[in-house]
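One structure is given here, and the rest of the page talks about it.
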Amino acid sequence: MVWVSCKRAATGDSVRRSTVDAPACLFDPSGEESRTQLFERTGHVFHGFVSDAVVGSRYGVGVFGGRAPERGLRHNGDKLLLDTCARAIEGEYARGRETFSDRLDDPEKINTLDSAHASTRCVIVDSSFDWSDDAAPRVPLNETGVCEVHVKGFTQQDMWRTALSVVTVSAGHAFGVG
């Protein structure tokens with residue numbers, strides 16, 4: 001993974017025990033790729049400073065490591081991966097032979113075609129927010145209610161009407177009755 005800080009640079013991470021190298025792949029406005037090696041490693045996480053990254057930069061990750069398809073290891077640095085913590089992505093995935101880790105004509109061999117042009121890319125966004133005079137609600141834990149629901153299932157089953165009859169106070173949440 002690559003996570004991006006709010007500053008005018010980026011920090012990259014890639015988590016996987018069998019990964020031996022995980023460069024951050026940064027793209028300029030014309031689509032040219034430059035790679036920054038992430039030399040630092042903490043546990044199974046690669047990280048490093050990408051000084052050329054700015055808000056609006058497009059990026060992805062390449063992952064190199066072991067290859068043992070029978071054990072699910074198919075590391076291939078020629079394939080551009082998305083950052084699972086990216087705040088935004090751009091482009092459309094164009095499924096083609098360059099996006100497969102193995103060669104289609106010989107699955108035992110690694111596919112060395114570069115997938116960057118056929119892959120979606122992460123976008124560095126400005127995540128700063130001016131909270132101005134906003135303040136935390138400061139509700140004691142013993143007065144706090146936490147409810148986690150799957151919205152689609154909750155609304156399809158008409159369970160919200162039942163919830164309305166049970167819930168007497170709902171701070172921060174409102175149910176529309178239609």
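Order determines the names: the first chain of the structure tokens is A, the second B, and so forth; residues in each chain are numbered 1 upward, and ligands are numbered 1 upward as they are shown.
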Show which residues sit within 8 Å of segment 59-76 of chain A, as an mmCIF file with N, CA and C atoms, in the first residue's frame. Count only C-alpha atoms, and ignore same-chain residues fewer than 5 positions away.
```cif
data_model
loop_
_atom_site.group_PDB
_atom_site.id
_atom_site.type_symbol
_atom_site.label_atom_id
_atom_site.label_comp_id
_atom_site.auth_asym_id
_atom_site.auth_seq_id
_atom_site.Cartn_x
_atom_site.Cartn_y
_atom_site.Cartn_z
ATOM 1 N N MET A 1 0.835 -1.175 0.000
ATOM 2 C CA MET A 1 0.000 0.000 0.000
ATOM 3 C C MET A 1 0.878 1.236 0.000
ATOM 4 N N VAL A 2 0.313 2.319 -0.456
ATOM 5 C CA VAL A 2 0.964 3.617 -0.362
ATOM 6 C C VAL A 2 -0.038 4.548 0.284
ATOM 7 N N SER A 14 4.045 -0.791 1.625
ATOM 8 C CA SER A 14 3.529 -1.993 0.982
ATOM 9 C C SER A 14 3.620 -3.122 1.991
ATOM 10 N N SER A 18 6.126 -11.670 2.004
ATOM 11 C CA SER A 18 7.063 -12.181 1.008
ATOM 12 C C SER A 18 7.569 -11.110 0.043
ATOM 13 N N THR A 19 7.172 -9.867 0.227
ATOM 14 C CA THR A 19 7.624 -8.788 -0.646
ATOM 15 C C THR A 19 9.071 -8.436 -0.316
ATOM 16 N N VAL A 20 9.901 -8.300 -1.353
ATOM 17 C CA VAL A 20 11.293 -7.933 -1.135
ATOM 18 C C VAL A 20 11.581 -6.504 -1.581
ATOM 19 N N ASP A 21 10.712 -5.933 -2.412
ATOM 20 C CA ASP A 21 10.903 -4.573 -2.897
ATOM 21 C C ASP A 21 9.541 -4.019 -3.302
ATOM 22 N N ALA A 22 9.271 -2.759 -2.990
ATOM 23 C CA ALA A 22 7.984 -2.152 -3.318
ATOM 24 C C ALA A 22 8.187 -0.693 -3.691
ATOM 25 N N PRO A 23 8.546 -0.410 -4.950
ATOM 26 C CA PRO A 23 8.737 0.980 -5.348
ATOM 27 C C PRO A 23 7.410 1.712 -5.516
ATOM 28 N N ALA A 24 7.417 3.003 -5.155
ATOM 29 C CA ALA A 24 6.273 3.862 -5.425
ATOM 30 C C ALA A 24 6.416 4.345 -6.862
ATOM 31 N N CYS A 25 5.358 4.246 -7.646
ATOM 32 C CA CYS A 25 5.378 4.633 -9.052
ATOM 33 C C CYS A 25 4.599 5.928 -9.208
ATOM 34 N N LEU A 26 5.283 7.010 -9.513
ATOM 35 C CA LEU A 26 4.675 8.325 -9.638
ATOM 36 C C LEU A 26 4.588 8.677 -11.115
ATOM 37 N N PHE A 27 3.453 9.257 -11.530
ATOM 38 C CA PHE A 27 3.243 9.612 -12.931
ATOM 39 C C PHE A 27 3.149 11.124 -13.085
ATOM 40 N N LEU A 81 -0.244 -1.596 -8.959
ATOM 41 C CA LEU A 81 -1.268 -1.881 -7.963
ATOM 42 C C LEU A 81 -1.792 -0.591 -7.359
ATOM 43 N N LEU A 82 -3.047 -0.624 -6.928
ATOM 44 C CA LEU A 82 -3.636 0.517 -6.246
ATOM 45 C C LEU A 82 -3.284 0.504 -4.773
ATOM 46 N N ASP A 83 -3.224 1.668 -4.207
ATOM 47 C CA ASP A 83 -3.069 1.851 -2.769
ATOM 48 C C ASP A 83 -4.447 1.647 -2.152
ATOM 49 N N SER A 101 -0.755 -11.370 -14.214
ATOM 50 C CA SER A 101 0.562 -11.620 -13.649
ATOM 51 C C SER A 101 1.324 -12.692 -14.431
ATOM 52 N N ILE A 110 6.202 -15.729 -16.038
ATOM 53 C CA ILE A 110 5.754 -14.417 -15.588
ATOM 54 C C ILE A 110 5.491 -13.505 -16.793
ATOM 55 N N ASN A 111 4.467 -12.688 -16.685
ATOM 56 C CA ASN A 111 4.109 -11.747 -17.732
ATOM 57 C C ASN A 111 4.858 -10.444 -17.476
ATOM 58 N N THR A 112 5.754 -10.063 -18.377
ATOM 59 C CA THR A 112 6.577 -8.877 -18.181
ATOM 60 C C THR A 112 6.008 -7.628 -18.844
ATOM 61 N N ARG A 121 -5.310 4.661 -11.413
ATOM 62 C CA ARG A 121 -4.218 5.213 -10.607
ATOM 63 C C ARG A 121 -4.771 5.938 -9.396
ATOM 64 N N CYS A 122 -4.000 5.948 -8.346
ATOM 65 C CA CYS A 122 -4.353 6.690 -7.141
ATOM 66 C C CYS A 122 -4.040 8.166 -7.384
ATOM 67 N N VAL A 123 -4.780 9.028 -6.711
ATOM 68 C CA VAL A 123 -4.571 10.469 -6.839
ATOM 69 C C VAL A 123 -4.329 11.049 -5.446
ATOM 70 N N ILE A 124 -3.279 11.839 -5.306
ATOM 71 C CA ILE A 124 -3.006 12.498 -4.033
ATOM 72 C C ILE A 124 -3.958 13.680 -3.905
#
```
For this session: Would you kindly return, as a list in words, each protein, DNA or RNA residue with an atom no farther than 10 Å from any atom of Phe100 of chain A, considering only C-alpha atoms and excluding same-chain residues fewer than 2 positions away?
Result: Asn76, Asp78, Lys79, Arg95, Gly96, Arg97, Glu98, Asp102, Arg103, Leu104, Pro107, Ile110, Asn111, Thr112, Leu113, Asp114 and Ser115 of chain A
Problem set entry | DSSP helix (DSSP H, G or I) residues within segment 77-136 of chain A, listed as a PyMOL selection string | chain A and resi 97-99+116-118
Problem set entry | One-decimal distance in Å that lies between atom CA of Ala86 of chain A and atom CA of Asp130 of chain A |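 Distance reported for this atom pair: 20.9 Å.
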For this session: For Glu92 of chain A, work out the shell of residues within 8 Å, counting only C-alpha atoms and skipping chain neighbours fewer than 5 positions away, then give it as a PyMOL selection string.
Result: chain A and resi 118-120
For this session: Could you jot down the atom CA of Pro29 of chain A to atom CA of Ser57 of chain A separation for me, Å, one decimal place?
Result: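 Going from atom CA of Pro29 of chain A over to atom CA of Ser57 of chain A covers 7.9 Å.
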Seminar exercise, completed: Computed gap from atom CA of Gly77 of chain A to atom CA of Gly43 of chain A is 20.4 Å
For this session: Report as a ChimeraX atom specification: the residues of segment 37-133 of chain A with a DSSP assignment of strand (DSSP E), based on the backbone of this structure.
Result: /A:40-42,45-47,49-50,58-61,64-65,67-68,73-74,89-90,121-123
Written selection (N, CA and C atoms) as a PDB file, in the first residue's frame:
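Printed below is again.pdb as written:
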```pdb
ATOM      1  N   GLU A  40      13.252   1.977   3.443  1.00  0.00           N
ATOM      2  CA  GLU A  40      12.950   1.733   4.849  1.00  0.00           C
ATOM      3  C   GLU A  40      11.915   0.614   4.975  1.00  0.00           C
ATOM      4  N   ARG A  41      12.057  -0.174   6.024  1.00  0.00           N
ATOM      5  CA  ARG A  41      11.111  -1.258   6.262  1.00  0.00           C
ATOM      6  C   ARG A  41      10.915  -1.424   7.760  1.00  0.00           C
ATOM      7  N   THR A  42       9.666  -1.422   8.173  1.00  0.00           N
ATOM      8  CA  THR A  42       9.306  -1.648   9.564  1.00  0.00           C
ATOM      9  C   THR A  42       8.387  -2.859   9.576  1.00  0.00           C
ATOM     10  N   VAL A  45       6.270  -3.718   6.432  1.00  0.00           N
ATOM     11  CA  VAL A  45       5.819  -2.497   5.766  1.00  0.00           C
ATOM     12  C   VAL A  45       7.010  -1.724   5.203  1.00  0.00           C
ATOM     13  N   PHE A  46       6.991  -1.505   3.890  1.00  0.00           N
ATOM     14  CA  PHE A  46       8.004  -0.667   3.245  1.00  0.00           C
ATOM     15  C   PHE A  46       7.514   0.775   3.318  1.00  0.00           C
ATOM     16  N   HIS A  47       8.427   1.708   3.542  1.00  0.00           N
ATOM     17  CA  HIS A  47       8.021   3.108   3.553  1.00  0.00           C
ATOM     18  C   HIS A  47       9.188   3.983   3.145  1.00  0.00           C
ATOM     19  N   PHE A  49      10.119   8.397   1.616  1.00  0.00           N
ATOM     20  CA  PHE A  49       9.675   9.733   1.274  1.00  0.00           C
ATOM     21  C   PHE A  49       9.760   9.919  -0.235  1.00  0.00           C
ATOM     22  N   VAL A  50       8.656  10.359  -0.848  1.00  0.00           N
ATOM     23  CA  VAL A  50       8.618  10.612  -2.283  1.00  0.00           C
ATOM     24  C   VAL A  50       8.531  12.122  -2.465  1.00  0.00           C
ATOM     25  N   ARG A  58      -0.506  11.477  -9.640  1.00  0.00           N
ATOM     26  CA  ARG A  58      -1.061  10.128  -9.824  1.00  0.00           C
ATOM     27  C   ARG A  58       0.043   9.145  -9.456  1.00  0.00           C
ATOM     28  N   TYR A  59      -0.355   8.042  -8.791  1.00  0.00           N
ATOM     29  CA  TYR A  59       0.650   7.082  -8.353  1.00  0.00           C
ATOM     30  C   TYR A  59       0.053   5.679  -8.234  1.00  0.00           C
ATOM     31  N   GLY A  60       0.929   4.724  -8.068  1.00  0.00           N
ATOM     32  CA  GLY A  60       0.576   3.331  -7.815  1.00  0.00           C
ATOM     33  C   GLY A  60       1.776   2.675  -7.164  1.00  0.00           C
ATOM     34  N   VAL A  61       1.734   1.358  -7.037  1.00  0.00           N
ATOM     35  CA  VAL A  61       2.820   0.619  -6.395  1.00  0.00           C
ATOM     36  C   VAL A  61       3.172  -0.591  -7.242  1.00  0.00           C
ATOM     37  N   PHE A  64       7.647  -6.449  -5.851  1.00  0.00           N
ATOM     38  CA  PHE A  64       8.539  -7.531  -6.247  1.00  0.00           C
ATOM     39  C   PHE A  64       8.704  -8.484  -5.075  1.00  0.00           C
ATOM     40  N   GLY A  65       8.862  -9.753  -5.368  1.00  0.00           N
ATOM     41  CA  GLY A  65       9.054 -10.720  -4.297  1.00  0.00           C
ATOM     42  C   GLY A  65       9.023 -12.139  -4.828  1.00  0.00           C
ATOM     43  N   ARG A  67       7.945 -15.896  -6.043  1.00  0.00           N
ATOM     44  CA  ARG A  67       7.010 -16.400  -7.042  1.00  0.00           C
ATOM     45  C   ARG A  67       6.821 -17.892  -6.794  1.00  0.00           C
ATOM     46  N   ALA A  68       5.643 -18.222  -6.293  1.00  0.00           N
ATOM     47  CA  ALA A  68       5.262 -19.609  -6.060  1.00  0.00           C
ATOM     48  C   ALA A  68       3.745 -19.681  -6.233  1.00  0.00           C
ATOM     49  N   LEU A  73       1.695 -16.960  -4.367  1.00  0.00           N
ATOM     50  CA  LEU A  73       2.657 -15.874  -4.518  1.00  0.00           C
ATOM     51  C   LEU A  73       2.883 -15.593  -5.997  1.00  0.00           C
ATOM     52  N   ARG A  74       2.445 -14.444  -6.431  1.00  0.00           N
ATOM     53  CA  ARG A  74       2.594 -14.047  -7.830  1.00  0.00           C
ATOM     54  C   ARG A  74       3.092 -12.614  -7.918  1.00  0.00           C
ATOM     55  N   ILE A  89      -9.147   7.702  -6.735  1.00  0.00           N
ATOM     56  CA  ILE A  89      -8.553   6.981  -7.861  1.00  0.00           C
ATOM     57  C   ILE A  89      -9.098   7.581  -9.142  1.00  0.00           C
ATOM     58  N   GLU A  90      -8.377   7.337 -10.229  1.00  0.00           N
ATOM     59  CA  GLU A  90      -8.754   7.925 -11.507  1.00  0.00           C
ATOM     60  C   GLU A  90      -8.497   6.927 -12.615  1.00  0.00           C
ATOM     61  N   ARG A 121      -5.310   4.661 -11.413  1.00  0.00           N
ATOM     62  CA  ARG A 121      -4.218   5.213 -10.607  1.00  0.00           C
ATOM     63  C   ARG A 121      -4.771   5.938  -9.396  1.00  0.00           C
ATOM     64  N   CYS A 122      -4.000   5.948  -8.346  1.00  0.00           N
ATOM     65  CA  CYS A 122      -4.353   6.690  -7.141  1.00  0.00           C
ATOM     66  C   CYS A 122      -4.040   8.166  -7.384  1.00  0.00           C
ATOM     67  N   VAL A 123      -4.780   9.028  -6.711  1.00  0.00           N
ATOM     68  CA  VAL A 123      -4.571  10.469  -6.839  1.00  0.00           C
ATOM     69  C   VAL A 123      -4.329  11.049  -5.446  1.00  0.00           C
TER      70      VAL A 123
END
```
Exercise. So, counting only C-alpha atoms, which residue among A:Ala88, A:Ala136, A:Leu80, A:Ala94 is closest to Ala116 of chain A?
Worked result: A:Leu80
